[in-house]
Structures are given as structure tokens and as C-alpha cells.
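J.: My questions will all concern the structure given below.
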Amino acid sequence: MSIPHITTQTNLATDFVPSLLAERPVISARHVNFAFGEGDLQKQILFDVNLEVGSGEIVLLTGPSGSGKTTLLTLIGALRKVRDGELDVLSRPLHHATLEDLVNVRREIGFIFQQHNLLPFMTARQNVQLMFHLHPEVSTHEAAKRTVDLLTSVGLGERLDYYPARLSGGQKQRVAIARALAASPRLILADEPTAALDSQSGRDVVNLLQELARNQKCPILMVTHDPRILDVADRIVNMEDGRVHSVEG
Amino acid sequence: MPSSFFVAWCQLSHSRVKLTVAAAGVVVAVMLMLVQLGIRQGAMDNSVAVARRVTADLVVVSPRTKTIFASAQFPRRLLYRLGSHPDVTVISEMYMGQGRLRNPWNKLEFPVSLYGLDPGSAMMNLPGIEKYESQLNDIDRVLYDGLSRKNYGPIRQYLETHETLDVEVNFRKVRIVDSIEVGISINTDGNLFTSSANFLRLFPDRNPGAVDLGLIRLKPDADLVAVKKVLQPYLGKEAKVITRQELIDAETVFIRENAPIDFIFGMGAAIGFFIGFVVVYQILYTEVTNHLPQYATLKAMGFSDRYLLFVVLNQSIILAMLGYFPGFVLALGLYRIATKAIQMQFSMTVERAVFVFLLTVIMCGFSAMIAIRKVRTADPADVF
Ligand SMILES: Nc1ncnc2c1ncn2[C@@H]1O[C@H](COP(=O)(O)OP(=O)(O)OP(=O)(O)O)[C@@H](O)[C@H]1O
Ligand SMILES: [Mg+2]
């Protein structure tokens, strides 16, 4: 099965985005500061970060190593607590959130990590289908069907019942993408999803992400160093030394 | 099927070797616990076997008797006083002693327990002894316990084809008239039953007026406790009357306090528990440690700590199940072998089966609880 390809022209997208921004941003960070450690050992990593991502936007986050991109992504992904500043994700104020709130936000986000981190003891199909446990409103039958559709759409229809050990790096990363998209997330966060892949499979993965996200009208915030994939972006945010340095678009 | 259970099963069964090792650990633990506790029970039951064999309603013993295997005697004349009570129907006495029976084949002597009683109203569960009443009342006639150890030679087999067998007991020639099946215990290798008169012939030094046990049969509708209260004053300080159950209880207490049965076999069971615990813990801990990044990933995607705890807990429960049932079957086999080998009865009881099952679940659950602490350290923020 192949997904109808939607060609995104950059100028079209930039025209399109502001109107959406006017509605309600999916991510809205205002004056976010973040530091690791306590007391004397405290080291500030993020300085007064302001960032908005609107519905349907693909935003790339670039910047030198150690500039705080991953840290910002973990804050947005509700994987760390925001202590200073305000951060709304999917209309939920994370700066006031309890651990339970954080877990609930995570369930609406599709994460794609640099490492695929698939469960090695479960097949591709089982890894993807496991996500539906978090969404009991989807029937088992429906979940099974969507799992097959997703894996087919990432080109793994023939390898549904392979264990990760028998898949190539690119194939594993594609399973991870299918998993991230399984339960119809409302936001996708990806941290260098192509870093472990050769240029061709990296390109495939990004195209896939782009197509699937467009189909599901779901915004993507992606950290990347890979210059070959910058063209998919609606907007590129550059970070340096913990500050959002420049916004190109 | 809950999804955490499914994940647990996938994780556990992914490597057959690992699963086999873990399950084998539990099997060994279960088997050890069942066998040790079974032997403990068997040894215990066995030690009180003689007391359990008593069928009299009331028993008279010396107040100095701690166990009937080393009983103190009391004057026989005291028993005659009790016959006047309207509820008492039969009174009989019993002598017990350790003699030496000479194996007629290899001419070696082995200790043997001798019982002198009234074969017509033994008030002991000695199946079939009544049939030999007249024979045992003849001079120097004894009845052999067919379940005695083989030390004494193939007496039982011999009696299947021959009428009688002449043997030497305490340097006296006696005739074995037949064998009945009674059963031995830790304290005895073999039993011989005969009349009081024959008993005293075999123990010429014993005072005929001093008996080991008095056995009293009451009318079927008599009130045990009430009669006991009435009878006691007749015996004064030289003897005491107790119920059959009190005799059994006293024996049990004596064994508990004087033989290290509880300790030795309790220890064996504890070691089984410990082995199982260590194996299961080791397996679960390495499983969790090796998959910490994957667990952290699941947490990042919105799975709760609770879910992951259940994944680990379910693995321990699966191991408990996989180990218990084969362990149970193996233990049954070992009971059978042990019963044959040491001629002592070992049997499975529902209580023990349930008790060890619970111990197994606790053992596995406890291992999981400790391994689970590691799951909490999986930090979803470390995944990126
Ligand atoms: N868990 C942590 N504890 C303490 N300091 C940390 C921790 N994680 C990251 N840092 C520090 O925070 C800074 C920013 O790290 P971060 O991972 O956000 O950078 P990055 O922009 O993602 O870099 P890269 O492009 O190399 O992935 C670094 O200086 C790093 O040393
Ligand atoms: Mg990073």
C-alpha cells in the first residue's frame, strides 16, 4: 500500500502556516529556562526559550552539539518537568503538571528516537500493536488492522512477524516510526531519526514521516543535523548555547 | 489476556534456554520444599505411629512416661480398680520392650520391638491379630510384622510357603505363627506381637506386676471426659488416665521437643525456597537490566510504572506456574521412591500442596519485587 504523495512546496506551506498559528499552537514555550543539577553544581542549559509550533507544521530544530536541542525536546515531550517558564503542549500546561498528567500527555505524542529501542522479544507487529494498549477505545480488531496497514505503509508488509534482530537498521527505524504513529498521535517528536541510517534509508524515513504526518495532519518537531533533509521543513529553528537563536522559514 | 501478561510471556519465552533455566530453578525449589516437608511430616507421623494405633477410648500411663517408646511402668493392680465403673466395658494391659531377634539365615541378632497384650481384645489397630488369639496364648508363640525391615531375613516370604518358623528371641526359642501387616517407624526396625504371658517369658527380669500401658474400652455412649475425671482418683499419683488423642498429642510434643525433625527438614525446605528465590531473582534482574532502555522507551511513550511492574510481576508468576507443576509431579515420584526405600509412608496432602504453592508464589513474587526496583530507575528522559 502506498500513501498518496502530497508535494509540499515551501512557499505554499509558509503561506499556509500563519493562519493556523493564529488558531492555537500545539507547542507554546514562553521564557523556559532549564538547568541540570542542584545548588553549586547547577548548570543552566536552556535560556529564555520561546517557541511556537502550529498545527500541521513541520519544524526542524538544528544547532551545534550540546546546544540543548535534546533537552528542549524532552521538556516538550513531557519526559522532564518544567521548573522555570511556561510550556503548553497540546493545550496542557506542563509547568503545572503532575506525573500523571505528564504520562497522559506522553500518550498523545509519537516519539521517534535516535535508537529505535524496539522490544527485542516481540515481533514488528507486536511492537506496534502494543501501543494500542494505551488506547483502549480502539478495538482489538481495529488495532490489529491498523498495525498491518501502518507496517505495510512503511514498506514492511512482508516482514510483519520478524523480530527486530532480523531487521536492518533502516527497517527497525521504520518499525519505530510505525509504532510512533500507531495510535494517531497529535504531535510527533523526533530526535535525529536518520542519524543511524545511510543517506538513502534516511531519506526514505523522512519522506515517510512527511507523508504520514501530512495525511494525519499532525505537526512534527524534529531535531536533525542532516542537511539533506532540510527541504521537508516548513520552518527551521536554530539553537545555540541554550538559546533559540534564529528562526528561518 | 492483559497486555502486560502478554509482554511478560514474550519477554520470558524469547530465549528458551533462559526460560528453561529459570523454570528448572523453580522446579528444584518446589521439589525440595515438597520433599523436605513431606519427609518431616512422614517422620513425625511415623514417630507417633504406635500412639495412633491405639484404639482404646482411654489409656492409662505412668505419670513418668514421656514417650511410649521409653515408657515408665505402673502397677498393674491399679487397673483392676477401674472395672467397677459402669461405663467401662473392657480393660487390658500392654507390655512393651526392646528385644533381640536372631536372623535364622545369617544368625545375626537385630533389635526388635516386642508387644505383650491380650490378642483377643488388643485395643490396638493390629489388623487380623484376633485370628491368632488361641495360638498366641500357647506358650512361646509370636506374630511377626510383615512390614519389618529385611534385617531379620525373608521371614514373611518363608511364612507364605511354610506354616511356622522357629526363631530365637532374647536367647529363647519361639515360634512365629504367621505375619500381619502393621508397619515400623523411626524407632523400630521390626515388631513382634504376643500375649502378656509369652512377653514375660521373653523378659524374665521384668516384674509382671508392672505394665507399660493400660487400655480401656468404654460403652459407646459414654462421655470420655466425664469418665476420665471419675477414674483418675482411683489411680492416685501412680498412674494417670488420658484420652487417645491426648496420648497422640503428648507423643507429638515429645518428638517436636526431643528430635530435630522440625529443624532439619524445615531447614531443607528453607534452602529450597532460597535457591528458587536466587534463581528467579537473578533471571528477572538481568532481564530488567538488559532491557532498561526499552523499558524507558515504553515509559516515554506513556506506559505507566505500574504497567512495567506488572510485566515483571507476571514473569515471576509465569515462572511460579511453570516450576510448580513439574516440581509437584517430581515430588510425588520421590515420595514413592522414598516410601519404598526407607519403608516409611510419605504421602502428599492437600494442605502441603497448597502451602508449597503459596510459598512458590511468594518466592517468585518476592524476587520480582526486588528486581522491580530497577524498573523505577528507567528514566524516560534518558532515551533521547
Ligand atoms: N542528564 C543530564 N545531566 C546533566 N547534564 C546534561 C544531561 N543531559 C544533557 N546535559 C548537558 O546539557 C547540555 C545540552 O545537552 P543536549 O543533549 O540537550 O544537547 P544537544 O543539543 O541535543 O546535543 P547533540 O546535538 O550532541 O545531541 C550538554 O552540555 C550536556 O552536557
Ligand atoms: Mg541531542
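Labels used: A, B, ... for chains in the order of the C-alpha cells, numbers from 1 for residues in each chain, and numbers from 1 for ligands as shown.
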Please determine the contact residues of chain B with respect to chain A at a cut-off of 8 Å, counting only C-alpha atoms, and supply them as a VMD selection string.
T.: chain B and resid 3 7 10 to 11 14 291 293 to 294 297 299 to 304 380 to 381 383 to 384
J.: Please identify all protein, DNA and RNA residues within 9 Å of ligand 1, counting only C-alpha atoms and all ligand atoms, and report them as a short mmCIF file (atom, residue, chain, number, x, y, z; two decimals) with N, CA, C and O atoms, in the first residue's frame.
T.:
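Written file, part-v4.cif:
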```cif
data_model
loop_
_atom_site.label_atom_id
_atom_site.label_comp_id
_atom_site.auth_asym_id
_atom_site.auth_seq_id
_atom_site.Cartn_x
_atom_site.Cartn_y
_atom_site.Cartn_z
N ALA A 35 17.83 23.88 33.96
CA ALA A 35 19.18 23.60 34.46
C ALA A 35 19.25 22.18 34.96
O ALA A 35 18.30 21.65 35.52
N PHE A 36 20.38 21.55 34.75
CA PHE A 36 20.64 20.24 35.36
C PHE A 36 21.36 20.46 36.67
O PHE A 36 22.10 21.42 36.84
N GLY A 37 21.20 19.53 37.60
CA GLY A 37 21.94 19.57 38.86
C GLY A 37 21.31 20.51 39.87
O GLY A 37 20.34 21.22 39.58
N GLN A 42 24.78 23.29 39.83
CA GLN A 42 23.74 23.59 38.86
C GLN A 42 24.34 24.17 37.58
O GLN A 42 25.21 25.03 37.63
N LYS A 43 23.86 23.64 36.45
CA LYS A 43 24.38 24.12 35.17
C LYS A 43 23.19 24.42 34.28
O LYS A 43 22.42 23.52 33.93
N GLN A 44 23.05 25.68 33.93
CA GLN A 44 21.89 26.05 33.12
C GLN A 44 22.13 25.67 31.67
O GLN A 44 23.18 25.93 31.10
N ILE A 45 21.12 25.05 31.08
CA ILE A 45 21.24 24.55 29.71
C ILE A 45 20.36 25.36 28.75
O ILE A 45 20.78 25.69 27.65
N LEU A 46 19.15 25.69 29.19
CA LEU A 46 18.24 26.44 28.32
C LEU A 46 18.03 27.83 28.91
O LEU A 46 17.81 27.98 30.12
N THR A 62 17.78 22.67 14.65
CA THR A 62 19.19 22.39 14.38
C THR A 62 20.05 23.18 15.35
O THR A 62 19.55 24.00 16.12
N GLY A 63 21.33 22.93 15.30
CA GLY A 63 22.25 23.66 16.18
C GLY A 63 23.39 22.76 16.58
O GLY A 63 23.31 21.55 16.44
N PRO A 64 24.47 23.37 17.07
CA PRO A 64 25.65 22.58 17.42
C PRO A 64 25.39 21.59 18.56
O PRO A 64 24.43 21.75 19.31
N SER A 65 26.28 20.65 18.62
CA SER A 65 26.17 19.64 19.67
C SER A 65 26.26 20.30 21.05
O SER A 65 27.07 21.20 21.26
N GLY A 66 25.41 19.90 21.94
CA GLY A 66 25.43 20.44 23.30
C GLY A 66 24.66 21.73 23.46
O GLY A 66 24.65 22.33 24.52
N SER A 67 23.96 22.14 22.39
CA SER A 67 23.26 23.42 22.48
C SER A 67 21.92 23.30 23.20
O SER A 67 21.26 24.30 23.46
N GLY A 68 21.48 22.07 23.52
CA GLY A 68 20.27 21.91 24.32
C GLY A 68 19.05 21.46 23.55
O GLY A 68 17.93 21.51 24.07
N LYS A 69 19.25 20.97 22.32
CA LYS A 69 18.10 20.56 21.50
C LYS A 69 17.36 19.39 22.12
O LYS A 69 16.13 19.41 22.26
N THR A 70 18.14 18.36 22.50
CA THR A 70 17.50 17.18 23.08
C THR A 70 16.80 17.53 24.40
O THR A 70 15.69 17.08 24.67
N THR A 71 17.46 18.39 25.16
CA THR A 71 16.87 18.80 26.44
C THR A 71 15.52 19.46 26.22
O THR A 71 14.54 19.17 26.90
N LEU A 72 15.47 20.35 25.21
CA LEU A 72 14.21 21.03 24.90
C LEU A 72 13.15 20.00 24.47
O LEU A 72 11.99 20.07 24.88
N LEU A 73 13.59 19.03 23.67
CA LEU A 73 12.65 18.01 23.20
C LEU A 73 12.09 17.18 24.36
O LEU A 73 10.90 16.85 24.38
N THR A 74 12.94 16.86 25.33
CA THR A 74 12.44 16.06 26.47
C THR A 74 11.46 16.88 27.31
O THR A 74 10.53 16.32 27.89
N ASP A 191 14.12 12.79 17.38
CA ASP A 191 15.47 13.26 17.67
C ASP A 191 16.45 12.53 16.76
O ASP A 191 16.71 11.35 16.96
N GLU A 192 16.92 13.22 15.76
CA GLU A 192 17.87 12.66 14.79
C GLU A 192 17.46 11.27 14.33
O GLU A 192 18.19 10.30 14.50
N VAL A 223 14.61 17.14 15.62
CA VAL A 223 16.00 17.57 15.75
C VAL A 223 16.79 16.88 14.65
O VAL A 223 16.64 15.68 14.46
N THR A 224 17.61 17.64 13.92
CA THR A 224 18.43 16.97 12.92
C THR A 224 19.69 17.76 12.63
O THR A 224 19.75 18.99 12.77
N HIS A 225 20.75 17.04 12.28
CA HIS A 225 21.99 17.65 11.80
C HIS A 225 22.12 17.42 10.30
O HIS A 225 23.08 17.88 9.69
N MET A 239 19.31 26.56 17.27
CA MET A 239 19.64 26.78 18.67
C MET A 239 21.13 26.91 18.84
O MET A 239 21.92 26.26 18.15
N GLU A 240 21.53 27.78 19.78
CA GLU A 240 22.94 27.92 20.10
C GLU A 240 23.06 28.26 21.57
O GLU A 240 22.38 29.16 22.07
N ASP A 241 23.88 27.49 22.26
CA ASP A 241 24.14 27.73 23.69
C ASP A 241 22.85 27.89 24.51
O ASP A 241 22.74 28.77 25.35
N GLY A 242 21.89 27.07 24.21
CA GLY A 242 20.68 27.06 25.02
C GLY A 242 19.68 28.15 24.67
O GLY A 242 18.72 28.36 25.40
N ALA B 381 13.56 10.23 30.25
CA ALA B 381 14.28 11.38 29.69
C ALA B 381 15.64 10.97 29.14
O ALA B 381 16.25 11.70 28.37
N ASP B 382 16.10 9.77 29.53
CA ASP B 382 17.41 9.32 29.05
C ASP B 382 17.35 8.66 27.69
O ASP B 382 18.36 8.27 27.14
N PHE B 384 16.22 9.81 24.73
CA PHE B 384 16.58 10.62 23.56
C PHE B 384 18.09 10.72 23.40
O PHE B 384 18.80 10.78 24.40
#
```
J.: Which polymer residues have any atom within 10 Å of an atom of segment 139-146 of chain A, counting only C-alpha atoms, with same-chain residues fewer than 3 positions away left out, as an NGL selection string?
T.: :A and (125-126 or 128-133 or 135-136 or 149-152 or 178 or 182-183)
J.: Those selected residues, please, written with N, CA, C and O atoms and delivered as a JSON list (two decimals), in the first residue's frame.
T.:
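Final output, out-v6.json:
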```json
[["chain", "number", "residue", "atom", "x", "y", "z"],
["A", 125, "ARG", "N", 5.15, -6.60, 14.39],
["A", 125, "ARG", "CA", 3.71, -6.44, 14.56],
["A", 125, "ARG", "C", 3.36, -6.23, 16.04],
["A", 125, "ARG", "O", 2.59, -5.33, 16.39],
["A", 126, "GLN", "N", 3.94, -7.07, 16.90],
["A", 126, "GLN", "CA", 3.63, -6.98, 18.32],
["A", 126, "GLN", "C", 4.11, -5.65, 18.92],
["A", 126, "GLN", "O", 3.43, -5.05, 19.75],
["A", 128, "VAL", "N", 4.32, -2.79, 17.41],
["A", 128, "VAL", "CA", 3.42, -1.70, 17.02],
["A", 128, "VAL", "C", 2.08, -1.83, 17.73],
["A", 128, "VAL", "O", 1.54, -0.88, 18.29],
["A", 129, "GLN", "N", 1.59, -3.05, 17.77],
["A", 129, "GLN", "CA", 0.24, -3.26, 18.33],
["A", 129, "GLN", "C", 0.19, -2.96, 19.83],
["A", 129, "GLN", "O", -0.84, -2.60, 20.37],
["A", 130, "LEU", "N", 1.36, -3.11, 20.49],
["A", 130, "LEU", "CA", 1.43, -2.83, 21.92],
["A", 130, "LEU", "C", 0.95, -1.42, 22.25],
["A", 130, "LEU", "O", 0.36, -1.17, 23.29],
["A", 131, "MET", "N", 1.20, -0.48, 21.31],
["A", 131, "MET", "CA", 0.82, 0.91, 21.56],
["A", 131, "MET", "C", -0.68, 1.07, 21.81],
["A", 131, "MET", "O", -1.11, 1.98, 22.51],
["A", 132, "PHE", "N", -1.46, 0.19, 21.22],
["A", 132, "PHE", "CA", -2.91, 0.34, 21.36],
["A", 132, "PHE", "C", -3.39, 0.00, 22.77],
["A", 132, "PHE", "O", -4.51, 0.29, 23.12],
["A", 133, "HIS", "N", -2.49, -0.59, 23.54],
["A", 133, "HIS", "CA", -2.83, -0.80, 24.94],
["A", 133, "HIS", "C", -3.14, 0.53, 25.62],
["A", 133, "HIS", "O", -3.99, 0.62, 26.51],
["A", 135, "HIS", "N", -4.56, 2.91, 24.29],
["A", 135, "HIS", "CA", -5.78, 3.48, 23.72],
["A", 135, "HIS", "C", -6.87, 2.43, 23.69],
["A", 135, "HIS", "O", -7.21, 1.89, 22.63],
["A", 136, "PRO", "N", -7.42, 2.13, 24.85],
["A", 136, "PRO", "CA", -8.41, 1.06, 24.93],
["A", 136, "PRO", "C", -9.67, 1.35, 24.12],
["A", 136, "PRO", "O", -10.46, 0.45, 23.86],
["A", 149, "ASP", "N", -1.76, -2.14, 8.44],
["A", 149, "ASP", "CA", -1.75, -1.04, 7.48],
["A", 149, "ASP", "C", -0.51, -0.18, 7.64],
["A", 149, "ASP", "O", 0.15, 0.19, 6.66],
["A", 150, "LEU", "N", -0.20, 0.15, 8.90],
["A", 150, "LEU", "CA", 0.95, 1.03, 9.16],
["A", 150, "LEU", "C", 2.25, 0.38, 8.72],
["A", 150, "LEU", "O", 3.06, 1.01, 8.04],
["A", 151, "LEU", "N", 2.43, -0.88, 9.11],
["A", 151, "LEU", "CA", 3.68, -1.56, 8.74],
["A", 151, "LEU", "C", 3.77, -1.72, 7.24],
["A", 151, "LEU", "O", 4.85, -1.60, 6.66],
["A", 152, "THR", "N", 2.63, -1.92, 6.58],
["A", 152, "THR", "CA", 2.64, -2.02, 5.13],
["A", 152, "THR", "C", 3.04, -0.68, 4.53],
["A", 152, "THR", "O", 3.85, -0.60, 3.61],
["A", 178, "ALA", "N", 6.42, 3.46, 12.56],
["A", 178, "ALA", "CA", 5.06, 2.90, 12.57],
["A", 178, "ALA", "C", 4.53, 2.88, 14.00],
["A", 178, "ALA", "O", 3.37, 3.20, 14.26],
["A", 182, "ALA", "N", 1.28, 4.79, 15.52],
["A", 182, "ALA", "CA", 0.23, 3.79, 15.68],
["A", 182, "ALA", "C", -1.06, 4.37, 16.21],
["A", 182, "ALA", "O", -2.12, 4.24, 15.62],
["A", 183, "ALA", "N", -0.98, 5.01, 17.34],
["A", 183, "ALA", "CA", -2.23, 5.40, 17.99],
["A", 183, "ALA", "C", -2.61, 6.83, 17.65],
["A", 183, "ALA", "O", -3.04, 7.60, 18.51]]
```
J.: Just how far from atom CA of Asp45 of chain B is atom CA of Gln232 of chain B, in Å to one decimal?
T.: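 Value for the atom CA of Gln232 of chain B-atom CA of Asp45 of chain B distance: 28.8 Å.
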J.: Provide the atom CA of Tyr295 of chain B to atom CA of Ser4 of chain B distance in Å, to one decimal place.
T.: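 Interatomic distance here is 12.3 Å.
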J.: Quick one: everything within 6 Å of Val211 of chain B, counting only C-alpha atoms, minus sequence neighbours fewer than 2 positions away in the same chain. Send it as number ranges by chain.
T.: B: 73-74, 76, 95, 213
J.: Name the residues in contact with Glu86 of chain A at a cut-off of 7 Å, using only C-alpha atoms, excluding same-chain residues fewer than 3 positions from it; report them as a PyMOL selection string.
T.: chain A and resi 29-32+95
J.: Keeping only N, CA, C and O atoms, write the selected residues as a PDB file, in the first residue's frame.
T.:
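out.pdb written:
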```pdb
ATOM      1  N   ALA A  29       6.105  27.551  24.010  1.00  0.00           N
ATOM      2  CA  ALA A  29       7.055  27.707  25.111  1.00  0.00           C
ATOM      3  C   ALA A  29       7.300  29.190  25.324  1.00  0.00           C
ATOM      4  O   ALA A  29       7.536  29.928  24.369  1.00  0.00           O
ATOM      5  N   ARG A  30       7.188  29.618  26.568  1.00  0.00           N
ATOM      6  CA  ARG A  30       7.408  31.040  26.875  1.00  0.00           C
ATOM      7  C   ARG A  30       8.395  31.162  28.031  1.00  0.00           C
ATOM      8  O   ARG A  30       8.142  30.673  29.129  1.00  0.00           O
ATOM      9  N   HIS A  31       9.508  31.786  27.761  1.00  0.00           N
ATOM     10  CA  HIS A  31      10.535  32.067  28.777  1.00  0.00           C
ATOM     11  C   HIS A  31      10.941  30.822  29.547  1.00  0.00           C
ATOM     12  O   HIS A  31      11.010  30.821  30.772  1.00  0.00           O
ATOM     13  N   VAL A  32      11.173  29.729  28.815  1.00  0.00           N
ATOM     14  CA  VAL A  32      11.552  28.487  29.501  1.00  0.00           C
ATOM     15  C   VAL A  32      13.053  28.486  29.781  1.00  0.00           C
ATOM     16  O   VAL A  32      13.864  28.697  28.883  1.00  0.00           O
ATOM     17  N   HIS A  95       3.927  23.114  32.900  1.00  0.00           N
ATOM     18  CA  HIS A  95       4.600  23.699  34.066  1.00  0.00           C
ATOM     19  C   HIS A  95       3.785  23.503  35.341  1.00  0.00           C
ATOM     20  O   HIS A  95       4.269  23.729  36.428  1.00  0.00           O
TER      21      HIS A  95
END
```
J.: Show which residues sit within 12 Å of Ile264 of chain B, as a list in words. Count only C-alpha atoms, and ignore same-chain residues fewer than 3 positions away.
T.: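 Counting only C-alpha atoms, the residues come to Gln36, Leu37, Ile39, Arg40, Gln41, Ala43, Arg256, Ala259, Pro260, Ile261, Met267, Gly268, Ala269, Ala270 and Ile271 of chain B.
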J.: Identify, with DSSP run on backbone atoms, the residues in segment 188-302 of chain B assigned to helix (DSSP H, G or I), and express the list as a PyMOL selection string.
T.: chain B and resi 196-202+224-235+244-258+261-290+292-300
J.: As a ChimeraX atom specification, please: every residue in segment 34-128 of chain B that a backbone DSSP assignment puts in strand (DSSP E).
T.: /B:58-61,74-75,88-102,109-117
J.: Could you give me, as a PyMOL selection string, the residues within 6 Å of Ala124 of chain A, counting only C-alpha atoms and dropping anything in the same chain fewer than 5 positions from it?
T.: chain A and resi 160-162
